[in-house]
Amino acid sequence: MKTRITELFGIEHPIIQGGMHFVGLAELASAVSNAGGLGIITGLTQGTPEKLADEIARCREMADKPFGVNMTFLPAVRPPDYPGLFKVIVESGVEVVETAGNNPSQWLPMLKEAGIKVIHKCTSVRHALKAQRIGCDAVSVDGFECGGHPGEDDVPNFILLPRAAEELEIPFVSSGGMADGRSLVASLAMGAEGMNMGTRFIATKEAPVHENVKQALVAASELDTRLIMRPLRNTERVLTNAGVERLLEKERALGSELKFEDIIPEVAGIYPKVMQEGDVDAGAWSCGMVAGLIHDVPTVKELVDRIMSEADSIITQRLASIQAS
Ligand SMILES: Cc1cc2nc3c(=O)[nH]c(=O)nc-3n(C[C@H](O)[C@H](O)[C@H](O)COP(=O)(O)O)c2cc1C
């Protein structure tokens with residue numbers, strides 16, 4: 001399949017693996033890139049420039065295709081060394097940077113000068129237009145369904161994607177709720193040039209996370225996510241569990257008085273416990289509604305090949321036969 005996104009990034013299939021804290025390590029990013037998509041290492045999981053340089057080198061050893069690094073700008077207890085991390089990205093010859101969470105304009109000149117393509121992930125048309133205006137090469141349009149931070153507008157992809165297509169000139173991919181060939185064809189129909197997946201890629205053989213996490217996704221339905229931190233205007237979609245329900249109870253009880261400090265036990269330091277130790281009930285971790293469409297744990301290549309062949313048969317058989325009738 002050839003789209004403006006495959007051309008821009010020099011990839012075979014228009015499928016991107018979004019940055020994921022404690023999931024987007026070299027194992028997954030290289031598997032996605034080797035399968036013909038665009039794999040992405042999550043910069044902040046590494047924490048320091050030295051560790052990020054090592055992770056990029058590890059990915060380079062495992063992948064002979066382009067891959068990217070995600071850089072997320074979100075409120076943090078301890079702000080990361082952004083200048084050091086971006087320096088490493090530029091020096092290590094990474095092909096693509098996925099930015100998210102806030103306006104990346106400060107970093108664009110150095111990335112552009114190094115010939116790095118920038119795809120900015122955002123949850124509204126106005127932020128996508130801003131990304132276009134400041135010189136991003138592409139955007140990932142993240143609908144309300146998405147795992148992680150859907151923003152505060154709550155516009156699902158059936159509206160958000162066509163709206164993005166109405167306004168944008170740069171290419172964009174759909175993000176949030178994407179799982180299979182149907183997602184890809186629907187995204188293309190709504191004007192996207194490909195799709196970005198987070199949650200679906202966690203339930204793959206190569207995802208370097210505990211088996212309990214993969215099985216939790218297979219077991220979950222589309223009803224099992226919750227929105228947390230809405231009162232703090234830092235909304236996150238997570239898989240429900242006892243810790244999440246406790247957190248929501250605090251939100252209800254404290255109302256507008258809620259402060260980040262009140263929920264630290266349920267949100268801080270949770271990712272290593274979940275992803276590495278397999279304690280899926282440790283607290284809040286991002287998960288999309290798309291969990292309802294996850295029924296197995298294939299290899300990344302099996303997943304990507306299946307998506308592409310399903311998309312092909314929808315276009316050439318199902319849609320063609322509807323059109324012919
Ligand atoms: C466990 C998990 C961790 C994530 N961590 C990040 C992150 O650190 N930075 C980021 O930009 N997006 C992060 N995301 C969002 C994904 O990159 C992607 O935009 C989102 O998962 C798309 O929605 P989907 O899960 O429905 O596919 C995360 C998502 C998940 C499920």
# chains A, B, ... in the order shown; residues from 1 in each chain; ligands from 1

call {"tool": "closest_atom_pairs", "arguments": {"of": "chain A", "to": "ligand 1", "cutoff": "8 Å", "atoms": "only C-alpha atoms and all ligand atoms", "output": "JSON lines"}}
result
{"residue": "A:Gln17", "atom": "CA", "partner": "ligand 1", "partner_atom_place_in_ligand_line": "17 (O)", "distance": 7.0}
{"residue": "A:Gly18", "atom": "CA", "partner": "ligand 1", "partner_atom_place_in_ligand_line": "17 (O)", "distance": 3.5}
{"residue": "A:Gly19", "atom": "CA", "partner": "ligand 1", "partner_atom_place_in_ligand_line": "17 (O)", "distance": 4.2}
{"residue": "A:Met20", "atom": "CA", "partner": "ligand 1", "partner_atom_place_in_ligand_line": "5 (N)", "distance": 3.3}
{"residue": "A:His21", "atom": "CA", "partner": "ligand 1", "partner_atom_place_in_ligand_line": "8 (O)", "distance": 4.0}
{"residue": "A:Phe22", "atom": "CA", "partner": "ligand 1", "partner_atom_place_in_ligand_line": "3 (C)", "distance": 7.2}
{"residue": "A:Val23", "atom": "CA", "partner": "ligand 1", "partner_atom_place_in_ligand_line": "1 (C)", "distance": 6.7}
{"residue": "A:Thr42", "atom": "CA", "partner": "ligand 1", "partner_atom_place_in_ligand_line": "8 (O)", "distance": 6.2}
{"residue": "A:Leu44", "atom": "CA", "partner": "ligand 1", "partner_atom_place_in_ligand_line": "8 (O)", "distance": 7.0}
{"residue": "A:Thr45", "atom": "CA", "partner": "ligand 1", "partner_atom_place_in_ligand_line": "8 (O)", "distance": 7.4}
{"residue": "A:Asn70", "atom": "CA", "partner": "ligand 1", "partner_atom_place_in_ligand_line": "11 (O)", "distance": 6.4}
{"residue": "A:Met71", "atom": "CA", "partner": "ligand 1", "partner_atom_place_in_ligand_line": "11 (O)", "distance": 6.8}
{"residue": "A:Thr72", "atom": "CA", "partner": "ligand 1", "partner_atom_place_in_ligand_line": "11 (O)", "distance": 5.1}
{"residue": "A:Glu98", "atom": "CA", "partner": "ligand 1", "partner_atom_place_in_ligand_line": "11 (O)", "distance": 7.4}
{"residue": "A:Thr99", "atom": "CA", "partner": "ligand 1", "partner_atom_place_in_ligand_line": "11 (O)", "distance": 6.6}
{"residue": "A:Ala100", "atom": "CA", "partner": "ligand 1", "partner_atom_place_in_ligand_line": "11 (O)", "distance": 4.6}
{"residue": "A:Gly101", "atom": "CA", "partner": "ligand 1", "partner_atom_place_in_ligand_line": "11 (O)", "distance": 6.5}
{"residue": "A:Lys121", "atom": "CA", "partner": "ligand 1", "partner_atom_place_in_ligand_line": "11 (O)", "distance": 6.8}
{"residue": "A:Ser140", "atom": "CA", "partner": "ligand 1", "partner_atom_place_in_ligand_line": "19 (O)", "distance": 7.8}
{"residue": "A:Asp142", "atom": "CA", "partner": "ligand 1", "partner_atom_place_in_ligand_line": "19 (O)", "distance": 6.1}
{"residue": "A:Gly143", "atom": "CA", "partner": "ligand 1", "partner_atom_place_in_ligand_line": "23 (O)", "distance": 7.7}
{"residue": "A:Glu145", "atom": "CA", "partner": "ligand 1", "partner_atom_place_in_ligand_line": "26 (O)", "distance": 5.9}
{"residue": "A:Cys146", "atom": "CA", "partner": "ligand 1", "partner_atom_place_in_ligand_line": "23 (O)", "distance": 3.5}
{"residue": "A:Gly147", "atom": "CA", "partner": "ligand 1", "partner_atom_place_in_ligand_line": "25 (O)", "distance": 3.7}
{"residue": "A:Gly148", "atom": "CA", "partner": "ligand 1", "partner_atom_place_in_ligand_line": "29 (C)", "distance": 4.6}
{"residue": "A:His149", "atom": "CA", "partner": "ligand 1", "partner_atom_place_in_ligand_line": "15 (C)", "distance": 6.8}
{"residue": "A:Ser175", "atom": "CA", "partner": "ligand 1", "partner_atom_place_in_ligand_line": "22 (C)", "distance": 5.0}
{"residue": "A:Gly176", "atom": "CA", "partner": "ligand 1", "partner_atom_place_in_ligand_line": "23 (O)", "distance": 3.4}
{"residue": "A:Gly177", "atom": "CA", "partner": "ligand 1", "partner_atom_place_in_ligand_line": "26 (O)", "distance": 3.8}
{"residue": "A:Met178", "atom": "CA", "partner": "ligand 1", "partner_atom_place_in_ligand_line": "27 (O)", "distance": 5.3}
{"residue": "A:Ala179", "atom": "CA", "partner": "ligand 1", "partner_atom_place_in_ligand_line": "27 (O)", "distance": 7.1}
{"residue": "A:Asn196", "atom": "CA", "partner": "ligand 1", "partner_atom_place_in_ligand_line": "22 (C)", "distance": 6.5}
{"residue": "A:Met197", "atom": "CA", "partner": "ligand 1", "partner_atom_place_in_ligand_line": "27 (O)", "distance": 3.8}
{"residue": "A:Gly198", "atom": "CA", "partner": "ligand 1", "partner_atom_place_in_ligand_line": "21 (O)", "distance": 3.3}
{"residue": "A:Thr199", "atom": "CA", "partner": "ligand 1", "partner_atom_place_in_ligand_line": "25 (O)", "distance": 3.8}
{"residue": "A:Arg200", "atom": "CA", "partner": "ligand 1", "partner_atom_place_in_ligand_line": "27 (O)", "distance": 6.0}
{"residue": "A:Phe201", "atom": "CA", "partner": "ligand 1", "partner_atom_place_in_ligand_line": "27 (O)", "distance": 7.9}
{"residue": "A:Ile202", "atom": "CA", "partner": "ligand 1", "partner_atom_place_in_ligand_line": "31 (C)", "distance": 7.4}
{"residue": "A:Val238", "atom": "CA", "partner": "ligand 1", "partner_atom_place_in_ligand_line": "31 (C)", "distance": 7.8}
{"residue": "A:Trp285", "atom": "CA", "partner": "ligand 1", "partner_atom_place_in_ligand_line": "1 (C)", "distance": 5.9}
{"residue": "A:Ser286", "atom": "CA", "partner": "ligand 1", "partner_atom_place_in_ligand_line": "1 (C)", "distance": 4.4}
{"residue": "A:Cys287", "atom": "CA", "partner": "ligand 1", "partner_atom_place_in_ligand_line": "31 (C)", "distance": 4.2}
{"residue": "A:Gly288", "atom": "CA", "partner": "ligand 1", "partner_atom_place_in_ligand_line": "26 (O)", "distance": 4.1}
{"residue": "A:Met289", "atom": "CA", "partner": "ligand 1", "partner_atom_place_in_ligand_line": "26 (O)", "distance": 6.1}
{"residue": "A:Val290", "atom": "CA", "partner": "ligand 1", "partner_atom_place_in_ligand_line": "26 (O)", "distance": 5.3}
{"residue": "A:Ala291", "atom": "CA", "partner": "ligand 1", "partner_atom_place_in_ligand_line": "26 (O)", "distance": 7.8}

call {"tool": "residues_around", "arguments": {"residues": "Val297 of chain A", "least_positions_apart": "5", "cutoff": "10 Å", "atoms": "only C-alpha atoms", "output": "ChimeraX atom specification"}}
result
/A:200-207,211,214-215,217-218,302-303

call {"tool": "write_last_selection", "arguments": {"atoms": "C-alpha atoms", "output": "JSON list (two decimals), in the first residue's frame"}}
result
[["chain", "number", "residue", "atom", "x", "y", "z"],
["A", 200, "ARG", "CA", -3.24, -3.48, 20.08],
["A", 201, "PHE", "CA", 0.56, -3.66, 19.83],
["A", 202, "ILE", "CA", 0.90, -4.46, 23.56],
["A", 203, "ALA", "CA", -0.84, -7.81, 22.99],
["A", 204, "THR", "CA", 1.89, -9.15, 20.70],
["A", 205, "LYS", "CA", 4.59, -11.73, 21.31],
["A", 206, "GLU", "CA", 7.42, -9.21, 20.98],
["A", 207, "ALA", "CA", 5.96, -6.54, 23.30],
["A", 211, "GLU", "CA", 2.34, -11.97, 30.03],
["A", 214, "LYS", "CA", -1.27, -9.24, 27.42],
["A", 215, "GLN", "CA", -3.83, -11.60, 28.97],
["A", 217, "LEU", "CA", -6.04, -7.05, 27.31],
["A", 218, "VAL", "CA", -7.38, -10.26, 25.76],
["A", 302, "GLU", "CA", 1.46, -11.85, 11.97],
["A", 303, "LEU", "CA", -0.58, -8.87, 13.17]]

call {"tool": "residues_around", "arguments": {"residues": "Ser124 of chain A", "least_positions_apart": "5", "cutoff": "9 Å", "atoms": "only C-alpha atoms", "output": "ChimeraX atom specification"}}
result
/A:129,141-143,151,153,155,160,164

call {"tool": "residues_around", "arguments": {"residues": "Asn103 of chain A", "least_positions_apart": "6", "cutoff": "10 Å", "atoms": "only C-alpha atoms", "output": "list of chain:residue names"}}
result
A:Thr72, A:Phe73, A:His120, A:Lys121, A:Cys122, A:His127, A:Lys130, A:Ala131, A:Ile134

call {"tool": "select_by_dssp", "arguments": {"residues": "segment 24-182 of chain A", "states": "strand (DSSP E)", "output": "compact mmCIF listing (two decimals) with N, CA and C atoms, in the first residue's frame"}}
result
# COMPACT_ATOMS: atom_id res chain seq x y z
N GLY A 39 8.08 1.53 13.90
CA GLY A 39 8.18 1.30 15.34
C GLY A 39 8.70 2.55 16.03
N ILE A 40 8.29 2.73 17.28
CA ILE A 40 8.70 3.94 18.01
C ILE A 40 9.15 3.60 19.43
N ILE A 41 10.36 4.03 19.76
CA ILE A 41 10.89 3.89 21.12
C ILE A 41 10.36 5.05 21.97
N THR A 42 10.01 4.78 23.21
CA THR A 42 9.47 5.84 24.06
C THR A 42 10.61 6.50 24.85
N PHE A 67 13.01 3.74 12.13
CA PHE A 67 12.17 3.73 13.33
C PHE A 67 12.21 5.11 13.96
N GLY A 68 11.38 5.33 14.97
CA GLY A 68 11.30 6.67 15.55
C GLY A 68 11.45 6.66 17.06
N VAL A 69 11.48 7.86 17.63
CA VAL A 69 11.50 8.03 19.09
C VAL A 69 10.34 8.95 19.47
N ASN A 70 9.59 8.56 20.48
CA ASN A 70 8.51 9.40 21.01
C ASN A 70 9.06 10.31 22.10
N MET A 71 8.68 11.57 22.02
CA MET A 71 9.00 12.51 23.09
C MET A 71 7.70 13.14 23.57
N THR A 72 7.36 12.86 24.82
CA THR A 72 6.09 13.32 25.39
C THR A 72 6.34 14.48 26.34
N VAL A 96 12.73 9.45 12.60
CA VAL A 96 11.42 10.07 12.89
C VAL A 96 11.30 10.37 14.38
N VAL A 97 10.67 11.51 14.70
CA VAL A 97 10.30 11.77 16.10
C VAL A 97 8.79 11.96 16.18
N GLU A 98 8.18 11.25 17.13
CA GLU A 98 6.76 11.45 17.42
C GLU A 98 6.69 12.31 18.68
N THR A 99 6.08 13.49 18.56
CA THR A 99 5.93 14.34 19.74
C THR A 99 4.49 14.25 20.21
N ALA A 100 4.27 14.53 21.49
CA ALA A 100 2.91 14.44 22.03
C ALA A 100 2.83 15.23 23.33
N LYS A 117 12.09 13.61 10.41
CA LYS A 117 10.67 13.87 10.17
C LYS A 117 9.94 13.89 11.51
N VAL A 118 9.00 14.84 11.65
CA VAL A 118 8.28 14.97 12.92
C VAL A 118 6.79 14.73 12.71
N ILE A 119 6.26 13.78 13.48
CA ILE A 119 4.81 13.55 13.50
C ILE A 119 4.32 13.91 14.89
N HIS A 120 3.39 14.86 14.95
CA HIS A 120 2.90 15.31 16.25
C HIS A 120 1.55 14.66 16.53
N LYS A 121 1.41 14.09 17.72
CA LYS A 121 0.15 13.44 18.08
C LYS A 121 -0.72 14.39 18.86
N CYS A 122 -1.95 14.60 18.41
CA CYS A 122 -2.81 15.54 19.12
C CYS A 122 -4.27 15.10 19.01
N ALA A 138 3.71 15.71 9.73
CA ALA A 138 2.48 14.92 9.73
C ALA A 138 1.88 15.01 11.13
N VAL A 139 0.63 14.60 11.25
CA VAL A 139 0.05 14.48 12.59
C VAL A 139 -0.64 13.13 12.77
N SER A 140 -0.71 12.74 14.03
CA SER A 140 -1.44 11.56 14.46
C SER A 140 -2.67 12.11 15.16
N VAL A 141 -3.85 11.82 14.65
CA VAL A 141 -5.07 12.40 15.21
C VAL A 141 -5.69 11.37 16.17
N ASP A 142 -5.63 11.70 17.45
CA ASP A 142 -5.94 10.75 18.52
C ASP A 142 -7.36 10.99 19.03
N PHE A 172 -2.07 12.89 7.66
CA PHE A 172 -2.31 12.49 9.06
C PHE A 172 -2.69 11.02 9.11
N VAL A 173 -2.43 10.42 10.28
CA VAL A 173 -2.88 9.05 10.53
C VAL A 173 -3.94 9.08 11.62
N SER A 174 -4.82 8.10 11.59
CA SER A 174 -5.81 7.93 12.64
C SER A 174 -5.11 7.32 13.85
N SER A 175 -5.62 7.61 15.03
CA SER A 175 -5.07 7.01 16.24
C SER A 175 -6.18 6.90 17.27

call {"tool": "residues_around", "arguments": {"residues": "segment 166-170 of chain A", "least_positions_apart": "3", "cutoff": "10 Å", "atoms": "only C-alpha atoms", "output": "list in words"}}
result
Arg4, Ile5, Val125, Arg126, Ala128, Leu129, Ala131, Gln132, Arg133, Gly135, Cys136, Asp137, Ala138, Val139, Leu160, Leu161, Pro162, Arg163, Met190 and Gly191 of chain A

call {"tool": "select_by_dssp", "arguments": {"residues": "segment 85-115 of chain A", "states": "helix (DSSP H, G or I)", "output": "PyMOL selection string"}}
result
chain A and resi 85-91+105-113

call {"tool": "write_last_selection", "arguments": {"atoms": "N, CA and C atoms", "output": "short mmCIF file (atom, residue, chain, number, x, y, z; two decimals), in the first residue's frame"}}
result
data_model
loop_
_atom_site.label_atom_id
_atom_site.label_comp_id
_atom_site.auth_asym_id
_atom_site.auth_seq_id
_atom_site.Cartn_x
_atom_site.Cartn_y
_atom_site.Cartn_z
N LEU A 85 18.04 14.69 25.90
CA LEU A 85 17.37 13.61 25.16
C LEU A 85 17.28 13.96 23.66
N PHE A 86 16.93 15.21 23.36
CA PHE A 86 16.84 15.60 21.94
C PHE A 86 18.22 15.59 21.27
N LYS A 87 19.25 15.94 22.04
CA LYS A 87 20.61 15.92 21.48
C LYS A 87 20.97 14.49 21.05
N VAL A 88 20.65 13.54 21.90
CA VAL A 88 20.93 12.14 21.59
C VAL A 88 20.16 11.69 20.34
N ILE A 89 18.91 12.11 20.24
CA ILE A 89 18.08 11.72 19.09
C ILE A 89 18.73 12.22 17.80
N VAL A 90 19.15 13.47 17.82
CA VAL A 90 19.78 14.05 16.62
C VAL A 90 21.09 13.34 16.31
N GLU A 91 21.89 13.12 17.33
CA GLU A 91 23.21 12.53 17.11
C GLU A 91 23.15 11.06 16.70
N SER A 105 7.31 23.13 19.25
CA SER A 105 7.97 24.12 18.38
C SER A 105 9.42 24.39 18.79
N GLN A 106 9.67 24.35 20.09
CA GLN A 106 11.02 24.64 20.59
C GLN A 106 12.07 23.70 19.99
N TRP A 107 11.66 22.48 19.68
CA TRP A 107 12.61 21.45 19.24
C TRP A 107 12.66 21.26 17.74
N LEU A 108 11.70 21.89 17.04
CA LEU A 108 11.61 21.64 15.59
C LEU A 108 12.84 22.08 14.81
N PRO A 109 13.41 23.28 15.07
CA PRO A 109 14.57 23.69 14.26
C PRO A 109 15.70 22.67 14.29
N MET A 110 16.03 22.15 15.48
CA MET A 110 17.16 21.19 15.53
C MET A 110 16.80 19.87 14.84
N LEU A 111 15.54 19.46 14.93
CA LEU A 111 15.13 18.20 14.29
C LEU A 111 15.13 18.37 12.77
N LYS A 112 14.60 19.49 12.31
CA LYS A 112 14.53 19.77 10.86
C LYS A 112 15.94 19.83 10.27
N GLU A 113 16.80 20.53 10.99
CA GLU A 113 18.18 20.69 10.50
C GLU A 113 18.86 19.33 10.34
#

call {"tool": "closest_residue", "arguments": {"among": "A:Leu188, A:Met62, A:Ile314, A:Leu52", "to": "Lys2 of chain A", "atoms": "only C-alpha atoms"}}
result
A:Leu188

call {"tool": "closest_atom_pairs", "arguments": {"of": "segment 55-166 of chain A", "to": "segment 25-37 of chain A", "cutoff": "10 Å", "atoms": "only C-alpha atoms", "output": "JSON lines"}}
result
{"residue": "A:Glu55", "atom": "CA", "partner": "A:Ala26", "partner_atom": "CA", "distance": 6.2}
{"residue": "A:Ile56", "atom": "CA", "partner": "A:Ala26", "partner_atom": "CA", "distance": 7.1}
{"residue": "A:Ala57", "atom": "CA", "partner": "A:Ala26", "partner_atom": "CA", "distance": 8.8}
{"residue": "A:Arg58", "atom": "CA", "partner": "A:Ala26", "partner_atom": "CA", "distance": 6.3}
{"residue": "A:Cys59", "atom": "CA", "partner": "A:Ala26", "partner_atom": "CA", "distance": 4.5}
{"residue": "A:Arg60", "atom": "CA", "partner": "A:Ser30", "partner_atom": "CA", "distance": 7.7}
{"residue": "A:Glu61", "atom": "CA", "partner": "A:Ser30", "partner_atom": "CA", "distance": 8.8}
{"residue": "A:Met62", "atom": "CA", "partner": "A:Ser30", "partner_atom": "CA", "distance": 5.9}
{"residue": "A:Ala63", "atom": "CA", "partner": "A:Ser30", "partner_atom": "CA", "distance": 4.9}
{"residue": "A:Asp64", "atom": "CA", "partner": "A:Asn34", "partner_atom": "CA", "distance": 6.9}
{"residue": "A:Lys65", "atom": "CA", "partner": "A:Ser33", "partner_atom": "CA", "distance": 5.8}
{"residue": "A:Pro66", "atom": "CA", "partner": "A:Ser33", "partner_atom": "CA", "distance": 6.5}
{"residue": "A:Phe67", "atom": "CA", "partner": "A:Ser33", "partner_atom": "CA", "distance": 6.1}
{"residue": "A:Gly68", "atom": "CA", "partner": "A:Ala29", "partner_atom": "CA", "distance": 8.0}
{"residue": "A:Val69", "atom": "CA", "partner": "A:Ala29", "partner_atom": "CA", "distance": 9.1}

call {"tool": "write_last_selection", "arguments": {"atoms": "N, CA and C atoms", "output": "mmCIF file, in the first residue's frame"}}
result
data_model
loop_
_atom_site.group_PDB
_atom_site.id
_atom_site.type_symbol
_atom_site.label_atom_id
_atom_site.label_comp_id
_atom_site.auth_asym_id
_atom_site.auth_seq_id
_atom_site.Cartn_x
_atom_site.Cartn_y
_atom_site.Cartn_z
ATOM 1 N N GLU A 55 19.401 2.541 24.051
ATOM 2 C CA GLU A 55 18.180 1.893 23.544
ATOM 3 C C GLU A 55 18.076 2.067 22.019
ATOM 4 N N ILE A 56 18.431 3.253 21.543
ATOM 5 C CA ILE A 56 18.419 3.497 20.091
ATOM 6 C C ILE A 56 19.435 2.573 19.415
ATOM 7 N N ALA A 57 20.594 2.441 20.022
ATOM 8 C CA ALA A 57 21.629 1.556 19.444
ATOM 9 C C ALA A 57 21.139 0.106 19.425
ATOM 10 N N ARG A 58 20.474 -0.312 20.496
ATOM 11 C CA ARG A 58 19.926 -1.671 20.574
ATOM 12 C C ARG A 58 18.888 -1.885 19.471
ATOM 13 N N CYS A 59 18.035 -0.885 19.251
ATOM 14 C CA CYS A 59 16.993 -0.993 18.224
ATOM 15 C C CYS A 59 17.653 -1.056 16.842
ATOM 16 N N ARG A 60 18.665 -0.243 16.653
ATOM 17 C CA ARG A 60 19.380 -0.213 15.360
ATOM 18 C C ARG A 60 19.984 -1.592 15.057
ATOM 19 N N GLU A 61 20.461 -2.270 16.116
ATOM 20 C CA GLU A 61 21.028 -3.618 15.916
ATOM 21 C C GLU A 61 19.963 -4.617 15.488
ATOM 22 N N MET A 62 18.730 -4.406 15.987
ATOM 23 C CA MET A 62 17.657 -5.380 15.714
ATOM 24 C C MET A 62 16.846 -5.033 14.477
ATOM 25 N N ALA A 63 16.897 -3.768 14.022
ATOM 26 C CA ALA A 63 16.057 -3.354 12.879
ATOM 27 C C ALA A 63 16.915 -2.796 11.760
ATOM 28 N N ASP A 64 16.604 -3.210 10.543
ATOM 29 C CA ASP A 64 17.328 -2.636 9.411
ATOM 30 C C ASP A 64 16.439 -1.668 8.640
ATOM 31 N N LYS A 65 15.403 -1.160 9.311
ATOM 32 C CA LYS A 65 14.443 -0.245 8.674
ATOM 33 C C LYS A 65 14.305 1.007 9.551
ATOM 34 N N PRO A 66 13.666 2.067 8.995
ATOM 35 C CA PRO A 66 13.494 3.291 9.803
ATOM 36 C C PRO A 66 12.650 3.044 11.059
ATOM 37 N N PHE A 67 13.015 3.738 12.133
ATOM 38 C CA PHE A 67 12.168 3.727 13.334
ATOM 39 C C PHE A 67 12.214 5.112 13.962
ATOM 40 N N GLY A 68 11.383 5.333 14.966
ATOM 41 C CA GLY A 68 11.300 6.666 15.552
ATOM 42 C C GLY A 68 11.453 6.656 17.061
ATOM 43 N N VAL A 69 11.480 7.860 17.632
ATOM 44 C CA VAL A 69 11.496 8.026 19.094
ATOM 45 C C VAL A 69 10.340 8.947 19.472
#

call {"tool": "residues_around", "arguments": {"residues": "Leu248 of chain A", "least_positions_apart": "4", "cutoff": "7 Å", "atoms": "only C-alpha atoms", "output": "PyMOL selection string"}}
result
chain A and resi 228+244+252

call {"tool": "atom_distance", "arguments": {"atom1": "atom CA of Asp312 of chain A", "atom2": "atom CA of Glu222 of chain A"}}
result
25.8 Å

call {"tool": "closest_residue", "arguments": {"among": "A:Ser309, A:Ile270, A:Gly255, A:Ser92", "to": "Asp54 of chain A", "atoms": "only C-alpha atoms"}}
result
A:Ser92

call {"tool": "residues_around", "arguments": {"residues": "Glu266 of chain A", "least_positions_apart": "2", "cutoff": "9 Å", "atoms": "only C-alpha atoms", "output": "list in words"}}
result
Gly243, Val244, Arg246, Leu247, Ile263, Ile264, Ala268, Gly269, Ile270, Ala282, Gly283 and Ala284 of chain A

call {"tool": "write_last_selection", "arguments": {"atoms": "C-alpha atoms", "output": "mmCIF file, in the first residue's frame"}}
result
data_model
loop_
_atom_site.group_PDB
_atom_site.id
_atom_site.type_symbol
_atom_site.label_atom_id
_atom_site.label_comp_id
_atom_site.auth_asym_id
_atom_site.auth_seq_id
_atom_site.Cartn_x
_atom_site.Cartn_y
_atom_site.Cartn_z
ATOM 1 C CA GLY A 243 -6.717 0.949 42.242
ATOM 2 C CA VAL A 244 -8.479 2.863 39.472
ATOM 3 C CA ARG A 246 -10.289 3.764 44.425
ATOM 4 C CA LEU A 247 -8.880 6.752 42.552
ATOM 5 C CA ILE A 263 -3.890 10.265 43.854
ATOM 6 C CA ILE A 264 -0.141 9.669 43.891
ATOM 7 C CA ALA A 268 2.994 7.279 40.466
ATOM 8 C CA GLY A 269 5.535 4.534 39.770
ATOM 9 C CA ILE A 270 2.850 2.151 38.484
ATOM 10 C CA ALA A 282 -1.113 -2.044 40.895
ATOM 11 C CA GLY A 283 -2.792 1.182 39.772
ATOM 12 C CA ALA A 284 -3.633 3.181 36.665
#

call {"tool": "atom_distance", "arguments": {"atom1": "atom CA of Leu239 of chain A", "atom2": "atom CA of Asp154 of chain A"}}
result
17.7 Å
